[in-house]
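In what follows, a structure is listed as structure tokens, so that the remarks can point back to it.
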Amino acid sequence: MNDSEFISEDWRIGIANGLVSNLSIYSQKDYRRFISAHIQYLQGLCRLSQQSVNNAVNESLTSLLVTIELLSEQNLYDYVNNSIEQSKSNAPILFSRLLFITRTVNHGNAFISTYGSNFEYTSLLTEDMISYAYTEGMIYDNECSCGLYSNCTTQATFVDENSLEMVPVKGLKMGCTPSESCRLSTLECFYDQSCLNLIQKYTNYHNSSIPLSTNSSRFPENTKIDELIKNLFNEQWFNQSNYS
């Protein structure tokens with residue numbers, strides 16, 4: 001995914017340029033409100049995961065081994081492999097902790113999303129005819145309230161301006177915040193040409209996009225992005241040791 005056009009800045013800008021600059025014009029149920037934010041968040045995840053992998057590799061390469069006697073080839077390989085496995089295990093944990101802190105701060109402080117997707121202002125008129133504006137958590141599938149949970153979601157849809165038909169976007173979710181709904185989405189749409197055509201149609205994106213190959217990843221198409229995060233979006237770790 002790190003080499004895909006779908007996380008490139010050119011693709012995100014191309015999608016964003018086809019949208020109305022004032023996203024509030026789109027219906028609250030229209031994925032066009034969130035698609036640019038989803039792409040940007042996915043870009044950030046891939047960039048941070050790559051940094052985490054690089055840090056893990058550098059940690060292994062710069063670690064020291066001091067012994068009082070020469071190790072056998074097998075013992076050295078065992079030590080190196082154990083060290084690498086430890087670094088591989090630590091990298092996703094450190095990455096997840098960083099994201100957990102950000103998510104906890106955002107939800108704990110009840111920050112209102114600029115997309116108007118987690119809280120809405122409601123006007124209340126008192127007996128003294130004084131009007132107050134207070135916030136209420138938005139409700140998504142299964143009566144999930146953003147006032148209580150940050151991971152409430154619903155199916156992502158494009159709303160057709162003419163028929164008002166809601167057209168589902170395969171694998172993608174909308175919810176309290178673009179970051180949380182992105183985590184609970186899958187990348188199925190990016191493997192499906194008809195789904196990519198749908199995105200192009202509703203975002204006025206004029207360049208053709210080639211879907212991801214199902215043979216290019218060890219992860220199934222319907223793997224949630226949250227699971228990819230736990231694996232650092234990493235397809236494979238390579239280890240080459242030389243005793244000499």
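Ligands are numbered from 1 in the order shown, residues from 1 within each chain, and chains are lettered A, B, ... in the order they appear in the structure tokens.
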Assign secondary structure with DSSP using the backbone only, and return the residues of segment 9-135 of chain A in strand (DSSP E) as an mmCIF file with N, CA and C atoms, in the first residue's frame.
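Okay, this is what ended up in selection_0.cif:
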```
data_model
loop_
_atom_site.group_PDB
_atom_site.id
_atom_site.type_symbol
_atom_site.label_atom_id
_atom_site.label_comp_id
_atom_site.auth_asym_id
_atom_site.auth_seq_id
_atom_site.Cartn_x
_atom_site.Cartn_y
_atom_site.Cartn_z
ATOM 1 N N PHE A 119 -20.611 15.765 16.958
ATOM 2 C CA PHE A 119 -21.531 16.512 17.821
ATOM 3 C C PHE A 119 -22.275 17.538 16.983
ATOM 4 N N GLU A 120 -23.489 17.847 17.415
ATOM 5 C CA GLU A 120 -24.258 18.889 16.752
ATOM 6 C C GLU A 120 -24.840 19.829 17.795
ATOM 7 N N TYR A 121 -24.973 21.081 17.416
ATOM 8 C CA TYR A 121 -25.540 22.080 18.321
ATOM 9 C C TYR A 121 -27.062 22.022 18.251
ATOM 10 N N THR A 122 -27.671 22.050 19.424
ATOM 11 C CA THR A 122 -29.130 22.041 19.525
ATOM 12 C C THR A 122 -29.567 23.237 20.356
ATOM 13 N N SER A 123 -30.571 23.935 19.891
ATOM 14 C CA SER A 123 -31.050 25.130 20.592
ATOM 15 C C SER A 123 -32.153 24.754 21.577
ATOM 16 N N LEU A 124 -32.061 25.305 22.782
ATOM 17 C CA LEU A 124 -33.050 25.042 23.830
ATOM 18 C C LEU A 124 -33.604 26.369 24.332
ATOM 19 N N LEU A 125 -34.914 26.483 24.353
ATOM 20 C CA LEU A 125 -35.574 27.703 24.819
ATOM 21 C C LEU A 125 -36.129 27.465 26.214
ATOM 22 N N SER A 131 -32.591 31.554 25.021
ATOM 23 C CA SER A 131 -32.165 30.453 24.160
ATOM 24 C C SER A 131 -30.737 30.033 24.486
ATOM 25 N N TYR A 132 -30.547 28.714 24.633
ATOM 26 C CA TYR A 132 -29.224 28.159 24.885
ATOM 27 C C TYR A 132 -28.881 27.183 23.761
ATOM 28 N N ALA A 133 -27.621 27.148 23.440
ATOM 29 C CA ALA A 133 -27.142 26.169 22.456
ATOM 30 C C ALA A 133 -26.267 25.157 23.181
ATOM 31 N N TYR A 134 -26.628 23.898 23.093
ATOM 32 C CA TYR A 134 -25.829 22.855 23.721
ATOM 33 C C TYR A 134 -25.521 21.776 22.682
ATOM 34 N N THR A 135 -24.590 20.926 23.012
ATOM 35 C CA THR A 135 -24.173 19.905 22.046
ATOM 36 C C THR A 135 -24.765 18.542 22.382
#
```
Handout entry: Residues near segment 148-165 of chain A, cut-off 7 Å, only C-alpha atoms, skip fewer than 6 positions along chain, as a list of chain:residue names
Key =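 So the residues in contact are A:Lys29, A:Asp30, A:Tyr31, A:Arg32, A:His107, A:Tyr140, A:Asp141, A:Leu172, A:Lys173, A:Met174, A:Gly175, A:Cys176, A:Glu180, A:Ser181.
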Practice task
Within 9 Å of Gly14 of chain A, counting only C-alpha atoms, which residues show up once you throw out same-chain ones fewer than 6 positions away? Write them as a PyMOL selection string, please.
Solution key: chain A and resi 203-207
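Note that atom CA of Ile210 of chain A and atom CA of Val53 of chain A are 27.2 Å apart.
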Practice task
Find the residues around Tyr115 of chain A up to 10 Å (only C-alpha atoms counted), leave out those fewer than 5 positions away in its own chain, and share them as a VMD selection string.
Solution key: chain A and resid 23 to 24 28 33 to 34 37 176 to 178
Selection from above, C-alpha atoms, as a short mmCIF file (atom, residue, chain, number, x, y, z; two decimals), in the first residue's frame, can you write it?
```cif
data_model
loop_
_atom_site.label_atom_id
_atom_site.label_comp_id
_atom_site.auth_asym_id
_atom_site.auth_seq_id
_atom_site.Cartn_x
_atom_site.Cartn_y
_atom_site.Cartn_z
CA LEU A 23 -17.88 20.57 2.25
CA SER A 24 -20.89 21.45 4.43
CA GLN A 28 -24.23 14.65 6.34
CA ARG A 33 -17.54 15.22 3.06
CA PHE A 34 -14.94 12.78 4.34
CA ALA A 37 -9.75 13.38 5.10
CA CYS A 176 -17.81 10.27 14.54
CA THR A 177 -14.48 11.35 13.09
CA PRO A 178 -12.74 10.59 9.80
#
```
Handout entry: Nearest to Ser49 of chain A, chosen from A:Ala91, A:Ile84, A:Leu61, A:Cys189, with only C-alpha atoms counted in the distances
Key =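 For Ser49 of chain A, the nearest of the candidates is A:Ala91.
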Handout entry: Neighbour list for Leu212 of chain A as a PyMOL selection string, cut-off 8 Å, only C-alpha atoms, skip fewer than 5 positions in-chain
Key = chain A and resi 4+190-192
Problem - Those in segment 82-124 of chain A with helix (DSSP H, G or I) from DSSP, as a PyMOL selection string - result: chain A and resi 82-108
Only N, CA and C atoms, please: the residues just picked out, written as an mmCIF file, in the first residue's frame.
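Contents of again_5.cif, freshly written:
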```
data_model
loop_
_atom_site.group_PDB
_atom_site.id
_atom_site.type_symbol
_atom_site.label_atom_id
_atom_site.label_comp_id
_atom_site.auth_asym_id
_atom_site.auth_seq_id
_atom_site.Cartn_x
_atom_site.Cartn_y
_atom_site.Cartn_z
ATOM 1 N N ASN A 82 16.518 -13.744 17.438
ATOM 2 C CA ASN A 82 15.758 -13.359 18.630
ATOM 3 C C ASN A 82 15.694 -11.843 18.775
ATOM 4 N N SER A 83 16.813 -11.185 18.490
ATOM 5 C CA SER A 83 16.859 -9.727 18.570
ATOM 6 C C SER A 83 15.919 -9.090 17.553
ATOM 7 N N ILE A 84 15.925 -9.650 16.351
ATOM 8 C CA ILE A 84 15.051 -9.129 15.295
ATOM 9 C C ILE A 84 13.583 -9.362 15.642
ATOM 10 N N GLU A 85 13.268 -10.547 16.146
ATOM 11 C CA GLU A 85 11.889 -10.851 16.522
ATOM 12 C C GLU A 85 11.399 -9.909 17.616
ATOM 13 N N GLN A 86 12.290 -9.564 18.547
ATOM 14 C CA GLN A 86 11.928 -8.633 19.612
ATOM 15 C C GLN A 86 11.622 -7.249 19.042
ATOM 16 N N SER A 87 12.445 -6.801 18.120
ATOM 17 C CA SER A 87 12.216 -5.499 17.481
ATOM 18 C C SER A 87 10.923 -5.510 16.673
ATOM 19 N N LYS A 88 10.662 -6.626 15.978
ATOM 20 C CA LYS A 88 9.432 -6.753 15.195
ATOM 21 C C LYS A 88 8.202 -6.731 16.091
ATOM 22 N N SER A 89 8.314 -7.302 17.279
ATOM 23 C CA SER A 89 7.189 -7.334 18.220
ATOM 24 C C SER A 89 6.954 -5.969 18.846
ATOM 25 N N ASN A 90 8.036 -5.244 19.116
ATOM 26 C CA ASN A 90 7.920 -3.945 19.782
ATOM 27 C C ASN A 90 7.383 -2.856 18.861
ATOM 28 N N ALA A 91 7.740 -2.915 17.587
ATOM 29 C CA ALA A 91 7.385 -1.843 16.649
ATOM 30 C C ALA A 91 5.878 -1.582 16.572
ATOM 31 N N PRO A 92 5.025 -2.606 16.375
ATOM 32 C CA PRO A 92 3.582 -2.342 16.327
ATOM 33 C C PRO A 92 3.031 -1.829 17.655
ATOM 34 N N ILE A 93 3.600 -2.286 18.769
ATOM 35 C CA ILE A 93 3.132 -1.851 20.089
ATOM 36 C C ILE A 93 3.382 -0.361 20.273
ATOM 37 N N LEU A 94 4.576 0.089 19.934
ATOM 38 C CA LEU A 94 4.915 1.505 20.069
ATOM 39 C C LEU A 94 4.056 2.360 19.147
ATOM 40 N N PHE A 95 3.811 1.867 17.942
ATOM 41 C CA PHE A 95 2.974 2.583 16.978
ATOM 42 C C PHE A 95 1.538 2.702 17.490
ATOM 43 N N SER A 96 1.011 1.608 18.017
ATOM 44 C CA SER A 96 -0.359 1.600 18.538
ATOM 45 C C SER A 96 -0.502 2.516 19.748
ATOM 46 N N ARG A 97 0.525 2.570 20.586
ATOM 47 C CA ARG A 97 0.481 3.446 21.759
ATOM 48 C C ARG A 97 0.392 4.910 21.349
ATOM 49 N N LEU A 98 1.154 5.278 20.326
ATOM 50 C CA LEU A 98 1.117 6.650 19.826
ATOM 51 C C LEU A 98 -0.282 7.013 19.351
ATOM 52 N N LEU A 99 -0.895 6.130 18.578
ATOM 53 C CA LEU A 99 -2.243 6.383 18.076
ATOM 54 C C LEU A 99 -3.263 6.377 19.206
ATOM 55 N N PHE A 100 -3.063 5.500 20.198
ATOM 56 C CA PHE A 100 -3.989 5.412 21.327
ATOM 57 C C PHE A 100 -4.018 6.722 22.109
ATOM 58 N N ILE A 101 -2.853 7.310 22.321
ATOM 59 C CA ILE A 101 -2.786 8.584 23.052
ATOM 60 C C ILE A 101 -3.568 9.661 22.305
ATOM 61 N N THR A 102 -3.360 9.746 21.005
ATOM 62 C CA THR A 102 -4.059 10.747 20.192
ATOM 63 C C THR A 102 -5.563 10.536 20.235
ATOM 64 N N ARG A 103 -5.998 9.299 20.086
ATOM 65 C CA ARG A 103 -7.426 8.991 20.091
ATOM 66 C C ARG A 103 -8.050 9.288 21.446
ATOM 67 N N THR A 104 -7.345 8.943 22.516
ATOM 68 C CA THR A 104 -7.860 9.160 23.866
ATOM 69 C C THR A 104 -8.007 10.645 24.168
ATOM 70 N N VAL A 105 -7.017 11.430 23.781
ATOM 71 C CA VAL A 105 -7.075 12.881 24.007
ATOM 72 C C VAL A 105 -8.240 13.492 23.234
ATOM 73 N N ASN A 106 -8.397 13.100 21.986
ATOM 74 C CA ASN A 106 -9.479 13.649 21.161
ATOM 75 C C ASN A 106 -10.848 13.331 21.738
ATOM 76 N N HIS A 107 -11.057 12.066 22.107
ATOM 77 C CA HIS A 107 -12.372 11.670 22.617
ATOM 78 C C HIS A 107 -12.586 12.168 24.040
ATOM 79 N N GLY A 108 -11.551 12.102 24.871
ATOM 80 C CA GLY A 108 -11.682 12.518 26.265
ATOM 81 C C GLY A 108 -12.011 13.985 26.417
#
```
